[in-house]
There are 2 protein chains.
Amino acid sequence: MAIKTSLRPGGRSARVQDSVHQATRALLAELGRDAISLPLIASRAGVTPSTLYRRWGDLSSLLADVSLARMHPDADPVDTGSLRGDLLTWSEQYFDEINSVPGRAMLRDAVASDCTNRCLTILLGQLQTILERAASRGEATPSAEHLVDRVIAPGVFRILFGEGAPGEHEVNAWMDQALG
Amino acid sequence: MAIKTSLRPGGRSARVQDSVHQATRALLAELGRDAISLPLIASRAGVTPSTLYRRWGDLSSLLADVSLARMHPDADPVDTGSLRGDLLTWSEQYFDEINSVPGRAMLRDAVASDCTNRCLTILLGQLQTILERAASRGEATPSAEHLVDRVIAPGVFRILFGEGAPGEHEVNAWMDQALG
DNA sequence: ACGTTAACACAAAGAATTTGCGTTAGTGGT
DNA sequence: ACCACTAACGCAAATTCTTTGTGTTAACGT
């Protein structure tokens, strides 16, 4: 179910959201993904379950929302001095993250709910900052969409459907083809 | 949850499975994905809900199992006379199918449960028959995994995270690069 | 044919989800 | 600053889903 982008972002709604997000992260760390329920989060956050059901719809949507919110303020991708280096270190880190147990759980929740578009937006944003940095260095840059098609998509597909994250060698080959 | 590959595939288990699969397909067609529940399927199939919970675990796993079972006996990919033609017509059909509303629902259920490996197996099987046919014609053939990385993964990624299925022109370009 | 046990039925207990209605507190207008 | 409006929440009852314990059936091996 889609997250309701609150039409009234004022005091109380924001407080509830903060409280719920915080409770979710705490329980996620304490008990793990499979041991938490929506009423449990509600009681920890000091709100009634019906509030969460009306606002988020179900557990998957709430967890995806919380995970994606945690993703935003991550530091900018490291600057290695070259586009190729930036992309390689960033993608390695990215694949490692979503290949971890909580990472895969987040992916599943994101797919189950309907915030895959937010995932893509965040992803494209990260790539964009890398690409703009490269452009400011005078390097020739492909489009972010091209990188997604040639590198990110194969990696994510393997993590979701295949035998875990792609090897470093393979990512290198994909990257060469994408940049060359 | 993973599907329990019944250690006792004899009469009764098989009958129950048939009944459940049939009931699921019927309800899926009558009411749609979002209106069916596990107890509902159980009552239609003439079994108790606890049987379904013990055997399939949850609704996503059951639906994914039913969908994947429907996928197997599909006719072999059409023979267009060339590897490139075979792959293009097959992939177009494949993308159309998983981009449909029930197709996307199936994908979500497959990701939510743990039968993504079965998805990949079926996929590789289809590609393999196309590749073997091409090999028997004397054509040079890439590996099935390479095709997955270069063509299938980008398409599936777009359907899951992006703006729907890739255009025919784009698939053509991907295919050219994968084959050439 | 017989013993073994996986798979199922039944039912009760427990948890999650939905829903109706009253209340609180942002929001916009005066 | 005050007031009217209503989105968002609290509460609680009703419903539905899920789990679990126990007994029974029937498939499988010998």
# chains A, B, ... in the order shown; residues from 1 in each chain; ligands from 1
$ interface_residues --of "chain A" --to "chain B" --cutoff "6 Å" --atoms "only C-alpha atoms" --output "ChimeraX atom specification"
/A:108,112,116-117,149,153-154,157,161
$ write_last_selection --atoms "N, CA and C atoms" --output "PDB file, in the first residue's frame"
ATOM      1  N   ARG A 108      12.723  -6.678  -0.059  1.00  0.00           N
ATOM      2  CA  ARG A 108      11.450  -7.398  -0.137  1.00  0.00           C
ATOM      3  C   ARG A 108      10.288  -6.516   0.301  1.00  0.00           C
ATOM      4  N   ALA A 112       7.207  -5.376  -1.903  1.00  0.00           N
ATOM      5  CA  ALA A 112       5.865  -5.770  -1.463  1.00  0.00           C
ATOM      6  C   ALA A 112       4.944  -4.564  -1.352  1.00  0.00           C
ATOM      7  N   THR A 116       8.696   1.366  -4.553  1.00  0.00           N
ATOM      8  CA  THR A 116       9.855   1.075  -5.379  1.00  0.00           C
ATOM      9  C   THR A 116      10.298   2.324  -6.144  1.00  0.00           C
ATOM     10  N   ASN A 117       9.343   3.188  -6.420  1.00  0.00           N
ATOM     11  CA  ASN A 117       9.708   4.423  -7.109  1.00  0.00           C
ATOM     12  C   ASN A 117      10.618   5.290  -6.235  1.00  0.00           C
ATOM     13  N   ASP A 149      20.774   0.318 -16.019  1.00  0.00           N
ATOM     14  CA  ASP A 149      20.510  -0.828 -16.899  1.00  0.00           C
ATOM     15  C   ASP A 149      21.689  -1.794 -16.954  1.00  0.00           C
ATOM     16  N   ALA A 153      21.016  -2.972 -12.317  1.00  0.00           N
ATOM     17  CA  ALA A 153      19.955  -3.951 -12.542  1.00  0.00           C
ATOM     18  C   ALA A 153      20.465  -5.391 -12.492  1.00  0.00           C
ATOM     19  N   PRO A 154      21.567  -5.714 -13.186  1.00  0.00           N
ATOM     20  CA  PRO A 154      22.065  -7.092 -13.089  1.00  0.00           C
ATOM     21  C   PRO A 154      22.425  -7.482 -11.662  1.00  0.00           C
ATOM     22  N   PHE A 157      19.257  -7.895  -9.582  1.00  0.00           N
ATOM     23  CA  PHE A 157      18.577  -9.115 -10.020  1.00  0.00           C
ATOM     24  C   PHE A 157      19.219 -10.351  -9.403  1.00  0.00           C
ATOM     25  N   PHE A 161      17.141 -12.798  -7.151  1.00  0.00           N
ATOM     26  CA  PHE A 161      16.734 -14.067  -7.737  1.00  0.00           C
ATOM     27  C   PHE A 161      17.846 -15.109  -7.789  1.00  0.00           C
TER      28      PHE A 161
END
$ closest_atom_pairs --of "chain A" --to "chain C" --cutoff "12 Å" --atoms "only C-alpha atoms (C1' of nucleotides)" --output "JSON lines"
{"residue": "A:Leu7", "atom": "CA", "partner": "C:DT27", "partner_atom": "C1'", "distance": 10.6}
{"residue": "A:Arg8", "atom": "CA", "partner": "C:DG26", "partner_atom": "C1'", "distance": 7.3}
{"residue": "A:Pro9", "atom": "CA", "partner": "C:DG26", "partner_atom": "C1'", "distance": 8.7}
{"residue": "A:Gly10", "atom": "CA", "partner": "C:DG26", "partner_atom": "C1'", "distance": 6.1}
{"residue": "A:Gly11", "atom": "CA", "partner": "C:DG26", "partner_atom": "C1'", "distance": 7.1}
{"residue": "A:Arg12", "atom": "CA", "partner": "C:DG26", "partner_atom": "C1'", "distance": 7.6}
{"residue": "A:Ser13", "atom": "CA", "partner": "C:DG26", "partner_atom": "C1'", "distance": 9.0}
{"residue": "A:Ala14", "atom": "CA", "partner": "C:DG26", "partner_atom": "C1'", "distance": 11.0}
{"residue": "A:Ile36", "atom": "CA", "partner": "C:DA16", "partner_atom": "C1'", "distance": 12.0}
{"residue": "A:Ser37", "atom": "CA", "partner": "C:DA16", "partner_atom": "C1'", "distance": 8.6}
{"residue": "A:Leu38", "atom": "CA", "partner": "C:DA16", "partner_atom": "C1'", "distance": 8.4}
{"residue": "A:Pro39", "atom": "CA", "partner": "C:DA16", "partner_atom": "C1'", "distance": 7.8}
{"residue": "A:Leu40", "atom": "CA", "partner": "C:DA16", "partner_atom": "C1'", "distance": 10.5}
{"residue": "A:Pro49", "atom": "CA", "partner": "C:DT17", "partner_atom": "C1'", "distance": 9.2}
{"residue": "A:Ser50", "atom": "CA", "partner": "C:DT17", "partner_atom": "C1'", "distance": 8.6}
{"residue": "A:Thr51", "atom": "CA", "partner": "C:DT18", "partner_atom": "C1'", "distance": 11.8}
{"residue": "A:Leu52", "atom": "CA", "partner": "C:DT17", "partner_atom": "C1'", "distance": 11.0}
{"residue": "A:Tyr53", "atom": "CA", "partner": "C:DT17", "partner_atom": "C1'", "distance": 8.1}
{"residue": "A:Arg54", "atom": "CA", "partner": "C:DT18", "partner_atom": "C1'", "distance": 9.9}
{"residue": "A:Gly57", "atom": "CA", "partner": "C:DT17", "partner_atom": "C1'", "distance": 10.0}
{"residue": "A:Asp58", "atom": "CA", "partner": "C:DT17", "partner_atom": "C1'", "distance": 9.4}
{"residue": "A:Leu59", "atom": "CA", "partner": "C:DA16", "partner_atom": "C1'", "distance": 11.1}
$ interface_residues --of "chain D" --to "chain B" --cutoff "10 Å" --atoms "only C-alpha atoms (C1' of nucleotides)" --output "ChimeraX atom specification"
/D:16-20,26-28
$ select_by_dssp --residues "chain A" --states "alpha helix (DSSP H)" --output "ChimeraX atom specification"
/A:11-31,38-45,49-56,59-71,83-99,101-112,116-136,144-147,153-161,168-179
$ residues_around --residues "range 45-47 of chain A" --least-positions-apart "4" --cutoff "10 Å" --atoms "only C-alpha atoms (C1' of nucleotides)" --output "ChimeraX atom specification"
/A:16-24,39-41,51-52 /D:9-10
$ write_last_selection --atoms "all heavy atoms" --output "compact mmCIF listing (two decimals), in the first residue's frame"
# COMPACT_ATOMS: atom_id res chain seq x y z
N VAL A 16 4.13 11.97 15.78
CA VAL A 16 3.76 10.56 15.69
C VAL A 16 4.71 9.83 14.75
O VAL A 16 5.21 8.75 15.07
CB VAL A 16 2.30 10.41 15.21
CG1 VAL A 16 2.01 8.97 14.84
CG2 VAL A 16 1.35 10.87 16.30
N GLN A 17 4.96 10.43 13.62
CA GLN A 17 5.85 9.77 12.66
C GLN A 17 7.24 9.55 13.24
O GLN A 17 7.81 8.46 13.11
CB GLN A 17 5.94 10.60 11.38
CG GLN A 17 7.01 10.08 10.43
CD GLN A 17 6.90 10.67 9.04
OE1 GLN A 17 5.83 11.07 8.62
NE2 GLN A 17 8.01 10.71 8.34
N ASP A 18 7.78 10.56 13.90
CA ASP A 18 9.08 10.41 14.53
C ASP A 18 9.06 9.28 15.54
O ASP A 18 9.95 8.42 15.56
CB ASP A 18 9.48 11.72 15.23
CG ASP A 18 10.00 12.74 14.24
OD1 ASP A 18 10.15 12.37 13.07
OD2 ASP A 18 10.25 13.88 14.65
N SER A 19 8.05 9.30 16.38
CA SER A 19 7.96 8.30 17.41
C SER A 19 7.87 6.89 16.82
O SER A 19 8.52 5.96 17.29
CB SER A 19 6.73 8.59 18.29
OG SER A 19 6.54 7.57 19.22
N VAL A 20 7.08 6.76 15.78
CA VAL A 20 6.90 5.45 15.15
C VAL A 20 8.19 5.00 14.46
O VAL A 20 8.60 3.85 14.60
CB VAL A 20 5.73 5.49 14.15
CG1 VAL A 20 5.71 4.24 13.29
CG2 VAL A 20 4.41 5.65 14.89
N HIS A 21 8.81 5.89 13.75
CA HIS A 21 10.06 5.53 13.09
C HIS A 21 11.11 5.09 14.11
O HIS A 21 11.79 4.09 13.92
CB HIS A 21 10.58 6.72 12.28
CG HIS A 21 9.99 6.82 10.91
ND1 HIS A 21 10.69 7.21 9.81
CD2 HIS A 21 8.74 6.58 10.46
CE1 HIS A 21 9.92 7.21 8.74
NE2 HIS A 21 8.72 6.84 9.12
N GLN A 22 11.20 5.86 15.18
CA GLN A 22 12.18 5.53 16.20
C GLN A 22 11.88 4.17 16.83
O GLN A 22 12.79 3.34 17.01
CB GLN A 22 12.15 6.64 17.26
CG GLN A 22 13.21 6.50 18.33
CD GLN A 22 13.17 7.68 19.30
OE1 GLN A 22 12.68 8.76 18.94
NE2 GLN A 22 13.65 7.47 20.52
N ALA A 23 10.63 3.94 17.17
CA ALA A 23 10.24 2.66 17.76
C ALA A 23 10.53 1.51 16.80
O ALA A 23 11.01 0.45 17.20
CB ALA A 23 8.76 2.69 18.12
N THR A 24 10.27 1.74 15.54
CA THR A 24 10.51 0.70 14.54
C THR A 24 11.99 0.34 14.46
O THR A 24 12.35 -0.84 14.47
CB THR A 24 10.01 1.16 13.16
OG1 THR A 24 8.63 1.51 13.25
CG2 THR A 24 10.18 0.05 12.14
N PRO A 39 1.15 -4.01 15.95
CA PRO A 39 0.72 -3.63 17.29
C PRO A 39 1.89 -3.44 18.24
O PRO A 39 1.84 -2.58 19.13
CB PRO A 39 -0.16 -4.81 17.72
CG PRO A 39 -0.67 -5.38 16.47
CD PRO A 39 0.44 -5.21 15.48
N LEU A 40 2.93 -4.23 18.06
CA LEU A 40 4.10 -4.09 18.92
C LEU A 40 4.76 -2.72 18.73
O LEU A 40 5.11 -2.04 19.69
CB LEU A 40 5.10 -5.21 18.59
CG LEU A 40 6.32 -5.35 19.50
CD1 LEU A 40 5.88 -5.71 20.91
CD2 LEU A 40 7.26 -6.40 18.95
N ILE A 41 4.94 -2.35 17.50
CA ILE A 41 5.51 -1.03 17.21
C ILE A 41 4.63 0.06 17.79
O ILE A 41 5.12 1.03 18.38
CB ILE A 41 5.67 -0.84 15.69
CG1 ILE A 41 6.68 -1.84 15.13
CG2 ILE A 41 6.09 0.58 15.36
CD1 ILE A 41 6.79 -1.82 13.63
N THR A 51 -4.00 3.66 14.39
CA THR A 51 -3.33 4.81 13.77
C THR A 51 -2.34 4.34 12.71
O THR A 51 -2.30 4.87 11.59
CB THR A 51 -2.59 5.63 14.84
OG1 THR A 51 -3.54 6.22 15.72
CG2 THR A 51 -1.76 6.72 14.20
N LEU A 52 -1.57 3.32 13.05
CA LEU A 52 -0.59 2.82 12.09
C LEU A 52 -1.27 2.18 10.89
O LEU A 52 -0.82 2.35 9.75
CB LEU A 52 0.33 1.81 12.78
CG LEU A 52 1.12 2.33 13.98
CD1 LEU A 52 2.20 1.34 14.36
CD2 LEU A 52 1.74 3.67 13.67
P DC D 9 -1.94 10.55 12.76
OP1 DC D 9 -0.51 10.70 13.05
OP2 DC D 9 -2.41 9.58 11.75
O5' DC D 9 -2.68 10.23 14.14
C5' DC D 9 -2.49 11.14 15.23
C4' DC D 9 -3.53 10.89 16.29
O4' DC D 9 -4.85 11.05 15.73
C3' DC D 9 -3.50 9.48 16.88
O3' DC D 9 -3.03 9.54 18.22
C2' DC D 9 -4.95 9.00 16.81
C1' DC D 9 -5.73 10.27 16.49
N1 DC D 9 -6.96 10.02 15.67
C2 DC D 9 -8.21 10.17 16.26
O2 DC D 9 -8.29 10.50 17.43
N3 DC D 9 -9.31 9.94 15.51
C4 DC D 9 -9.20 9.57 14.23
N4 DC D 9 -10.31 9.37 13.53
C5 DC D 9 -7.92 9.42 13.61
C6 DC D 9 -6.84 9.65 14.36
P DG D 10 -2.84 8.15 19.05
OP1 DG D 10 -1.74 8.36 20.03
OP2 DG D 10 -2.77 7.04 18.08
O5' DG D 10 -4.21 8.01 19.86
C5' DG D 10 -4.59 9.04 20.75
C4' DG D 10 -5.83 8.64 21.51
O4' DG D 10 -6.97 8.64 20.61
C3' DG D 10 -5.78 7.25 22.14
O3' DG D 10 -6.32 7.32 23.46
C2' DG D 10 -6.64 6.38 21.21
C1' DG D 10 -7.63 7.39 20.63
N9 DG D 10 -8.05 7.12 19.26
C8 DG D 10 -7.22 6.90 18.19
N7 DG D 10 -7.87 6.70 17.07
C5 DG D 10 -9.21 6.78 17.42
C6 DG D 10 -10.37 6.65 16.62
O6 DG D 10 -10.45 6.43 15.41
N1 DG D 10 -11.53 6.80 17.38
C2 DG D 10 -11.55 7.06 18.73
N2 DG D 10 -12.76 7.17 19.28
N3 DG D 10 -10.47 7.19 19.49
C4 DG D 10 -9.34 7.04 18.77
$ residues_around --residues "Leu83 in chain A" --least-positions-apart "3" --cutoff "7 Å" --atoms "only C-alpha atoms (C1' of nucleotides)" --output "compact mmCIF listing (two decimals) with all heavy atoms, in the first residue's frame"
# COMPACT_ATOMS: atom_id res chain seq x y z
N ASP A 86 34.88 6.13 -8.49
CA ASP A 86 33.71 6.48 -7.69
C ASP A 86 32.61 5.44 -7.85
O ASP A 86 32.02 4.98 -6.86
CB ASP A 86 33.16 7.85 -8.12
CG ASP A 86 34.02 9.00 -7.61
OD1 ASP A 86 35.09 8.71 -7.04
OD2 ASP A 86 33.62 10.16 -7.79
N LEU A 87 32.35 5.08 -9.08
CA LEU A 87 31.25 4.15 -9.33
C LEU A 87 31.55 2.78 -8.75
O LEU A 87 30.67 2.11 -8.20
CB LEU A 87 30.99 4.03 -10.84
CG LEU A 87 30.29 5.23 -11.49
CD1 LEU A 87 30.22 5.04 -13.00
CD2 LEU A 87 28.88 5.39 -10.92
N ALA A 134 31.90 13.95 -11.83
CA ALA A 134 32.75 13.56 -12.95
C ALA A 134 32.68 14.61 -14.06
O ALA A 134 33.71 14.94 -14.68
CB ALA A 134 32.33 12.19 -13.48
